[in-house]
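J.: The structure that follows is given in the form of structure tokens.
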Amino acid sequence: MPDGGQVKTCTWTGISGKQYEYGIYPIGTSFVAKPGNYVHAKVSGLGRWSAVYIGETEDLSTRFENHHAAHCIARNGATHIHVHLSSADRQVRLNEETDLRRSHNTPCNKQ
């Protein structure tokens with residue numbers, strides 16, 4: 001995660017009812033080389049966060065360079081990346097991603 005300052009957070013709820021706390025960062029923020037889950041998001045007309053793309057990675061420091069869904073994410077107005085440091089175990093990250101994706105209509109997830 002970036003150094004310094006208090007980070008604002010957002011709680012995302014999965015279809016299971018489990019809640020995950022994510023730090024909120026502007027798109028373009030540099031991250032540490034750690035595994036995590038992330039949500040590209042924008043503020044909806046109701047003043048709430050709306051997920052555009054939900055994913056996971058083993059390395060947050062390189063995941064956003066040349067992201068395969070970058071054009072869709074930009075076209076759908078994402079302004080921030082919400083990040084949750086997670087397990088080095090990919091299955092744990094995939095379970096969280098799947099839980100969240102089943103609960104949120106993300107226009108840029110194609111799976």
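Residues in the structure tokens are named by chain (A, B, ... in the order shown) and by number from 1 within that chain; ligands are numbered from 1 in the order shown.
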Taking the chain letters and numbering used in this document, name the residues of region 11-78 of chain A that DSSP puts in helix (DSSP H, G or I), as number ranges by chain.

T.: A: 70-75

J.: With a distance cut-off of 12 Å and only C-alpha atoms, select the neighbouring residues of Gly14 (chain A), excluding the residue or stretch itself and same-chain residues fewer than 3 positions from it, and output the selection as a list in words.

T.: Thr11, Gly17, Lys18, Gln19, Tyr20, Glu21, Ile54, Asn95, Glu96, Glu97, Thr98, Asp99, Leu100, Arg101, Arg102, Ser103, His104 and Asn105 of chain A

J.: For the selection you just gave me, I'd like the residues written to a file as a JSON list (two decimals), in the first residue's frame, keeping N, CA, C and O atoms.

T.:
[["chain", "number", "residue", "atom", "x", "y", "z"],
["A", 11, "THR", "N", -16.62, -0.90, 2.62],
["A", 11, "THR", "CA", -16.94, -2.30, 2.89],
["A", 11, "THR", "C", -17.78, -2.84, 1.75],
["A", 11, "THR", "O", -18.84, -2.31, 1.43],
["A", 17, "GLY", "N", -22.88, -12.81, 2.15],
["A", 17, "GLY", "CA", -23.13, -11.94, 3.29],
["A", 17, "GLY", "C", -21.84, -11.52, 3.99],
["A", 17, "GLY", "O", -21.84, -10.63, 4.84],
["A", 18, "LYS", "N", -20.73, -12.15, 3.61],
["A", 18, "LYS", "CA", -19.44, -11.79, 4.20],
["A", 18, "LYS", "C", -19.05, -10.39, 3.74],
["A", 18, "LYS", "O", -19.26, -10.02, 2.59],
["A", 19, "GLN", "N", -18.46, -9.64, 4.67],
["A", 19, "GLN", "CA", -18.04, -8.27, 4.36],
["A", 19, "GLN", "C", -16.51, -8.20, 4.30],
["A", 19, "GLN", "O", -15.82, -8.82, 5.10],
["A", 20, "TYR", "N", -16.03, -7.42, 3.33],
["A", 20, "TYR", "CA", -14.60, -7.25, 3.10],
["A", 20, "TYR", "C", -14.30, -5.75, 3.12],
["A", 20, "TYR", "O", -14.95, -4.98, 2.41],
["A", 21, "GLU", "N", -13.30, -5.35, 3.89],
["A", 21, "GLU", "CA", -12.94, -3.94, 3.96],
["A", 21, "GLU", "C", -11.79, -3.65, 3.00],
["A", 21, "GLU", "O", -10.75, -4.29, 3.04],
["A", 54, "ILE", "N", -14.08, -6.39, -10.72],
["A", 54, "ILE", "CA", -13.58, -7.02, -9.49],
["A", 54, "ILE", "C", -12.55, -8.07, -9.88],
["A", 54, "ILE", "O", -12.80, -8.88, -10.79],
["A", 95, "ASN", "N", -11.86, -17.09, -4.16],
["A", 95, "ASN", "CA", -13.12, -17.25, -3.43],
["A", 95, "ASN", "C", -13.72, -15.89, -3.09],
["A", 95, "ASN", "O", -14.93, -15.67, -3.22],
["A", 96, "GLU", "N", -12.87, -14.96, -2.65],
["A", 96, "GLU", "CA", -13.34, -13.60, -2.33],
["A", 96, "GLU", "C", -13.84, -12.91, -3.59],
["A", 96, "GLU", "O", -14.92, -12.29, -3.59],
["A", 97, "GLU", "N", -13.07, -13.01, -4.67],
["A", 97, "GLU", "CA", -13.47, -12.40, -5.94],
["A", 97, "GLU", "C", -14.83, -12.93, -6.39],
["A", 97, "GLU", "O", -15.72, -12.16, -6.75],
["A", 98, "THR", "N", -14.99, -14.23, -6.36],
["A", 98, "THR", "CA", -16.25, -14.86, -6.79],
["A", 98, "THR", "C", -17.41, -14.43, -5.90],
["A", 98, "THR", "O", -18.50, -14.12, -6.39],
["A", 99, "ASP", "N", -17.19, -14.40, -4.59],
["A", 99, "ASP", "CA", -18.22, -13.98, -3.65],
["A", 99, "ASP", "C", -18.70, -12.56, -3.98],
["A", 99, "ASP", "O", -19.91, -12.29, -4.04],
["A", 100, "LEU", "N", -17.76, -11.66, -4.23],
["A", 100, "LEU", "CA", -18.12, -10.27, -4.55],
["A", 100, "LEU", "C", -18.76, -10.15, -5.92],
["A", 100, "LEU", "O", -19.75, -9.44, -6.09],
["A", 101, "ARG", "N", -18.22, -10.84, -6.90],
["A", 101, "ARG", "CA", -18.76, -10.72, -8.27],
["A", 101, "ARG", "C", -20.19, -11.23, -8.35],
["A", 101, "ARG", "O", -20.99, -10.71, -9.13],
["A", 102, "ARG", "N", -20.52, -12.23, -7.55],
["A", 102, "ARG", "CA", -21.89, -12.75, -7.56],
["A", 102, "ARG", "C", -22.87, -11.79, -6.89],
["A", 102, "ARG", "O", -24.07, -11.93, -7.05],
["A", 103, "SER", "N", -22.34, -10.83, -6.15],
["A", 103, "SER", "CA", -23.17, -9.88, -5.44],
["A", 103, "SER", "C", -23.28, -8.53, -6.15],
["A", 103, "SER", "O", -24.17, -7.74, -5.84],
["A", 104, "HIS", "N", -22.38, -8.26, -7.10],
["A", 104, "HIS", "CA", -22.35, -6.96, -7.75],
["A", 104, "HIS", "C", -22.35, -7.13, -9.27],
["A", 104, "HIS", "O", -21.70, -8.00, -9.81],
["A", 105, "ASN", "N", -23.10, -6.27, -9.95],
["A", 105, "ASN", "CA", -23.18, -6.29, -11.40],
["A", 105, "ASN", "C", -22.00, -5.48, -11.95],
["A", 105, "ASN", "O", -22.05, -4.25, -11.96]]

J.: May I ask for the distance between CA of Gly23 (chain A) and CA of Trp49 (chain A), given in Å to one decimal place?

T.: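 That distance, rounded to one decimal, is 12.5 Å.
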
J.: What parts of chain A does DSSP call strand (DSSP E)? I'd like the answer as a PDB file with C-alpha atoms, in the first residue's frame.

T.:
ATOM      1  CA  THR A   9     -12.211   2.525   3.344  1.00  0.00           C
ATOM      2  CA  CYS A  10     -15.256   0.913   1.788  1.00  0.00           C
ATOM      3  CA  THR A  11     -16.940  -2.301   2.893  1.00  0.00           C
ATOM      4  CA  TRP A  12     -17.977  -4.565   0.025  1.00  0.00           C
ATOM      5  CA  THR A  13     -20.449  -7.370   0.774  1.00  0.00           C
ATOM      6  CA  GLN A  19     -18.036  -8.273   4.364  1.00  0.00           C
ATOM      7  CA  TYR A  20     -14.601  -7.250   3.096  1.00  0.00           C
ATOM      8  CA  GLU A  21     -12.936  -3.938   3.960  1.00  0.00           C
ATOM      9  CA  TYR A  22     -11.042  -2.280   1.114  1.00  0.00           C
ATOM     10  CA  GLY A  23      -8.819   0.808   1.099  1.00  0.00           C
ATOM     11  CA  ILE A  24      -9.821   3.457  -1.459  1.00  0.00           C
ATOM     12  CA  TYR A  25      -7.179   4.901  -3.812  1.00  0.00           C
ATOM     13  CA  PRO A  26      -7.301   7.028  -6.974  1.00  0.00           C
ATOM     14  CA  GLY A  36      -4.669  -8.900  -2.904  1.00  0.00           C
ATOM     15  CA  ASN A  37      -8.139  -8.378  -4.238  1.00  0.00           C
ATOM     16  CA  TYR A  38      -9.285  -5.176  -5.890  1.00  0.00           C
ATOM     17  CA  VAL A  39     -12.366  -3.375  -7.175  1.00  0.00           C
ATOM     18  CA  HIS A  40     -12.272  -0.718  -9.878  1.00  0.00           C
ATOM     19  CA  ALA A  41     -15.115   1.570  -8.802  1.00  0.00           C
ATOM     20  CA  LYS A  42     -16.951   4.829  -9.353  1.00  0.00           C
ATOM     21  CA  VAL A  43     -19.451   6.813  -7.338  1.00  0.00           C
ATOM     22  CA  TRP A  49     -19.636   3.164  -4.721  1.00  0.00           C
ATOM     23  CA  SER A  50     -20.464   1.069  -7.763  1.00  0.00           C
ATOM     24  CA  ALA A  51     -18.162  -1.775  -8.878  1.00  0.00           C
ATOM     25  CA  VAL A  52     -16.964  -1.678 -12.487  1.00  0.00           C
ATOM     26  CA  TYR A  53     -14.483  -4.599 -12.295  1.00  0.00           C
ATOM     27  CA  ILE A  54     -13.583  -7.018  -9.490  1.00  0.00           C
ATOM     28  CA  GLY A  55     -10.350  -9.010  -9.546  1.00  0.00           C
ATOM     29  CA  GLU A  56      -7.470 -10.606  -7.680  1.00  0.00           C
ATOM     30  CA  THR A  57      -3.707 -10.686  -8.133  1.00  0.00           C
ATOM     31  CA  HIS A  80     -10.738   4.604  -7.962  1.00  0.00           C
ATOM     32  CA  ILE A  81      -9.210   1.262  -7.070  1.00  0.00           C
ATOM     33  CA  HIS A  82     -10.353  -0.327  -3.836  1.00  0.00           C
ATOM     34  CA  VAL A  83      -7.700  -2.726  -2.512  1.00  0.00           C
ATOM     35  CA  HIS A  84      -7.743  -5.478   0.098  1.00  0.00           C
ATOM     36  CA  LEU A  85      -4.472  -7.209   0.980  1.00  0.00           C
TER      37      LEU A  85
END

J.: What does the distance from CA of His68 (chain A) to CA of Val32 (chain A) come to in Å, to one decimal?

T.: 20.2 Å

J.: Quote the spacing between CA of Pro35 (chain A) and CA of Arg63 (chain A) in Å to one decimal place.

T.: 9.9 Å

J.: Using only C-alpha atoms, can you tell me which of A:Ser16, A:Ser87, A:Asn76, A:Gln6 comes closest to Ser44 (chain A)?

T.: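 Checking each of A:Ser16, A:Ser87, A:Asn76, A:Gln6 against Ser44 (chain A), counting only C-alpha atoms, the winner is A:Asn76.
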